[in-house]
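Right, one structure below, let's go through it.
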Amino acid sequence: MATTKIITSFVVILVLLGTICDAQLTSTFYDSTCPNALSTIRTAIRTAVSKERRMAASLIRLHFHDCFVKGCDASILLDDSSTIESEKSARPNINSVRGFEIIDKAKSEVEKVCPGIVSCADIVAIAARDASFAVGGPSWTVKLGRRDSTTASKSLANTDLPLFTDDLKTLISHFTKKNLTPRDMVTLSGAHTIGQAQCFTFRGRIYNNASDIDAGFASTRQRGCPSSSTTANDQKLAALDLVTPNSFDNNYFKNLIQKKGLLQSDQVLFSGGSTDSIVSEYSKNPTTFKSDFAAAMIKMGDIEPLTGSAGVIRSICSVVN
């Protein structure tokens, strides 16, 4: 009887340990089930970025907007359906977040190699890393094993994602809720060095004659962003970093110190507040910025993933099938 109890207990422990291991993300997750997954995705991302360099920033942002709503579960990729209200139409995402077709292309190529194995959530995470590296940014080891959500939440997208009008306190609160520090927040904001913004997101800032914006910078930006709001004017694009808009570097932080942050949510990172010292550090040390950025992206990729038996592996990223 005692021996039977011991064996039973041992089996239970093994099962529990197996469950714990299954629920953990690991960089080797597809080594045996789809060994060519990463190289296949890398090719798709490199091709996309070579055609449009701006896509690198878009893919990094897509990963960010996915992880901040219900975790890194590819819920942002889901289209509207009879049971799903898509996050794509949420205020921070609509006519703004992009790169969906690049993820779809990567997914279709992976499905040819090993159907039903690699999740859309993992492809989004890998794409962000490959996009960064493709434009001179850091690379990092992506932990894998996420599964895909069967639901989306437009309401959470509207409340959990930062807005371009947010003040420093609000921004810090958004990131703290996701177990990310103010330093992580500043670091991740550095991806704006390769990004672009639509006129409607910064019109108020460049025309308000405030003390936190360089007058010459505002005047320059006004030439590409008319004061009148029309659909065409609102969608006019401007690089977030005028100096080196196509390079992943630390000029974004140098711009903030010179009061040349394009978005209000950028400039508040250097406005006499608690994050000023971090911005100053990164403006002087690009190596530290890139190293911290890689670490912060890994940390962000750990936000509430679906693992083990939770979620599904979607064969098409935009629908639950």
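Quick note on naming: the chains in the structure tokens go A, B, ... in the order shown, residues restart at 1 in each chain, and ligands are numbered from 1 in order of appearance.
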
For Asn255 in chain A, find every residue with an atom within 12 Å (counting only C-alpha atoms), except residues of its own chain fewer than 3 positions away, and show them as a PDB file with C-alpha atoms, in the first residue's frame.
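See result_6.pdb below for the written result:
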```pdb
ATOM      1  CA  GLY A 190      12.851  54.414 -28.751  1.00  0.00           C
ATOM      2  CA  HIS A 192       9.881  55.568 -32.759  1.00  0.00           C
ATOM      3  CA  THR A 193      13.290  56.412 -34.172  1.00  0.00           C
ATOM      4  CA  ASP A 212       7.905  72.344 -24.830  1.00  0.00           C
ATOM      5  CA  ILE A 213       8.476  72.407 -28.592  1.00  0.00           C
ATOM      6  CA  ASP A 214      11.301  73.995 -30.576  1.00  0.00           C
ATOM      7  CA  PHE A 217      11.041  72.338 -35.522  1.00  0.00           C
ATOM      8  CA  LEU A 240       9.176  60.740 -35.938  1.00  0.00           C
ATOM      9  CA  ASP A 241      12.937  61.278 -36.281  1.00  0.00           C
ATOM     10  CA  LEU A 242      13.846  63.897 -38.881  1.00  0.00           C
ATOM     11  CA  VAL A 243      17.595  63.301 -38.584  1.00  0.00           C
ATOM     12  CA  THR A 244      17.990  59.592 -39.367  1.00  0.00           C
ATOM     13  CA  PRO A 245      14.453  58.327 -40.063  1.00  0.00           C
ATOM     14  CA  ASP A 249      19.660  54.610 -33.508  1.00  0.00           C
ATOM     15  CA  ASN A 250      19.428  56.885 -30.479  1.00  0.00           C
ATOM     16  CA  ASN A 251      18.612  60.137 -32.283  1.00  0.00           C
ATOM     17  CA  TYR A 252      15.039  59.882 -31.017  1.00  0.00           C
ATOM     18  CA  GLN A 258      16.099  69.481 -28.003  1.00  0.00           C
ATOM     19  CA  LYS A 259      12.290  69.704 -27.642  1.00  0.00           C
ATOM     20  CA  LYS A 260      11.845  68.050 -31.025  1.00  0.00           C
ATOM     21  CA  GLY A 261       9.588  65.190 -30.062  1.00  0.00           C
ATOM     22  CA  LEU A 262       6.836  64.984 -32.670  1.00  0.00           C
ATOM     23  CA  LEU A 263       4.151  63.384 -30.531  1.00  0.00           C
ATOM     24  CA  ASP A 266       7.102  61.348 -26.871  1.00  0.00           C
ATOM     25  CA  GLN A 267       8.054  64.754 -25.520  1.00  0.00           C
ATOM     26  CA  LEU A 269       9.408  61.538 -21.588  1.00  0.00           C
ATOM     27  CA  PHE A 270      11.748  64.529 -21.317  1.00  0.00           C
ATOM     28  CA  VAL A 279      16.341  59.816 -21.957  1.00  0.00           C
ATOM     29  CA  SER A 280      19.625  61.589 -21.225  1.00  0.00           C
ATOM     30  CA  TYR A 282      20.189  56.819 -23.976  1.00  0.00           C
ATOM     31  CA  SER A 283      21.014  60.016 -25.873  1.00  0.00           C
ATOM     32  CA  LYS A 284      24.652  59.548 -24.869  1.00  0.00           C
TER      33      LYS A 284
END
```

So that each row is one residue of range 193-309 of chain A with an atom at most 8 Å from range 119-135 of chain A, can you give its shortest atom pair and the distance in Å to one decimal, using only C-alpha atoms, rows by chain and rising number, as a Markdown table?
```
| residue | atom | partner | partner_atom | distance |
| --- | --- | --- | --- | --- |
| A:Asn246 | CA | A:Val135 | CA | 7.2 |
| A:Ser247 | CA | A:Val135 | CA | 6.1 |
| A:Phe248 | CA | A:Val135 | CA | 6.1 |
| A:Gly301 | CA | A:Ala125 | CA | 6.9 |
```

Can those selected residues be exported to a file as a PDB file, in the first residue's frame so that it contains C-alpha atoms?
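The result, written out as out.pdb:
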```
ATOM      1  CA  ASN A 246      15.598  55.072 -41.652  1.00  0.00           C
ATOM      2  CA  SER A 247      18.130  54.020 -39.025  1.00  0.00           C
ATOM      3  CA  PHE A 248      17.531  52.338 -35.691  1.00  0.00           C
ATOM      4  CA  GLY A 301       6.777  39.187 -25.168  1.00  0.00           C
TER       5      GLY A 301
END
```

Identify which of the residues A:Leu25, A:Val49, A:Ile76, A:Ala44 lies closest to Ile94 in chain A, counting only C-alpha atoms when measuring atom-to-atom distances.
->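 Looking at the shortest contact to Ile94 in chain A, the residue is A:Ile76.
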
Can you check which residues of range 10-181 of chain A DSSP gives as strand (DSSP E or B) on the backbone and send them as a list in words?
->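 Filtering range 10-181 of chain A to strand (DSSP E or B) leaves Thr26, Leu144, Arg147 and Asp148 of chain A.
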
Of the residues A:Gln264, A:Gln198, A:Ser277, A:Ser291, which is the one nearest to Pro226 in chain A, using only C-alpha atoms?
-> A:Gln198

Test item: residues at most 12 Å from Lys70 in chain A, only C-alpha atoms, excluding those fewer than 6 positions along its chain, as JSON, numbers by chain | {"A": [64, 76, 87, 121, 148, 149, 150, 151, 152, 153, 154, 155, 156, 157, 159, 160, 161, 177, 178, 302, 303, 304, 305, 306]}

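The neighbours of Leu237 in chain A here are the residues that come within 7 Å of it, using only C-alpha atoms and leaving out any residue fewer than 3 positions away in the same chain; they are Gln196, Ala197, Gln198 and Cys199 of chain A.
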
For Thr170 in chain A, which residue out of A:Leu144, A:Arg61, A:Ser265, A:Pro92 is the nearest one, using only C-alpha atoms?
->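 Under the stated criterion, the closest residue is A:Ser265.
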
Could you jot down the CA of Asp104 in chain A to CA of Cys317 in chain A separation for me, Å, one decimal place?
->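 Result for CA of Asp104 in chain A versus CA of Cys317 in chain A: 6.5 Å, one decimal.
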
Looking at A:Lys105, A:His63, A:Arg223, A:Arg205, which one is nearest to Ala48 in chain A, with distances taken over only C-alpha atoms?
->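 Using only C-alpha atoms, the shortest distance to Ala48 in chain A belongs to A:Lys105.
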
Using CA of Ala74 in chain A and CA of Ser39 in chain A as the two end points, give the distance in Å to one decimal.
-> 20.3 Å

Residues of range 142-236 of chain A in helix (DSSP H, G or I), written as number ranges by chain = A: 154-160, 168-176, 182-194, 199-206, 215-222, 231-234
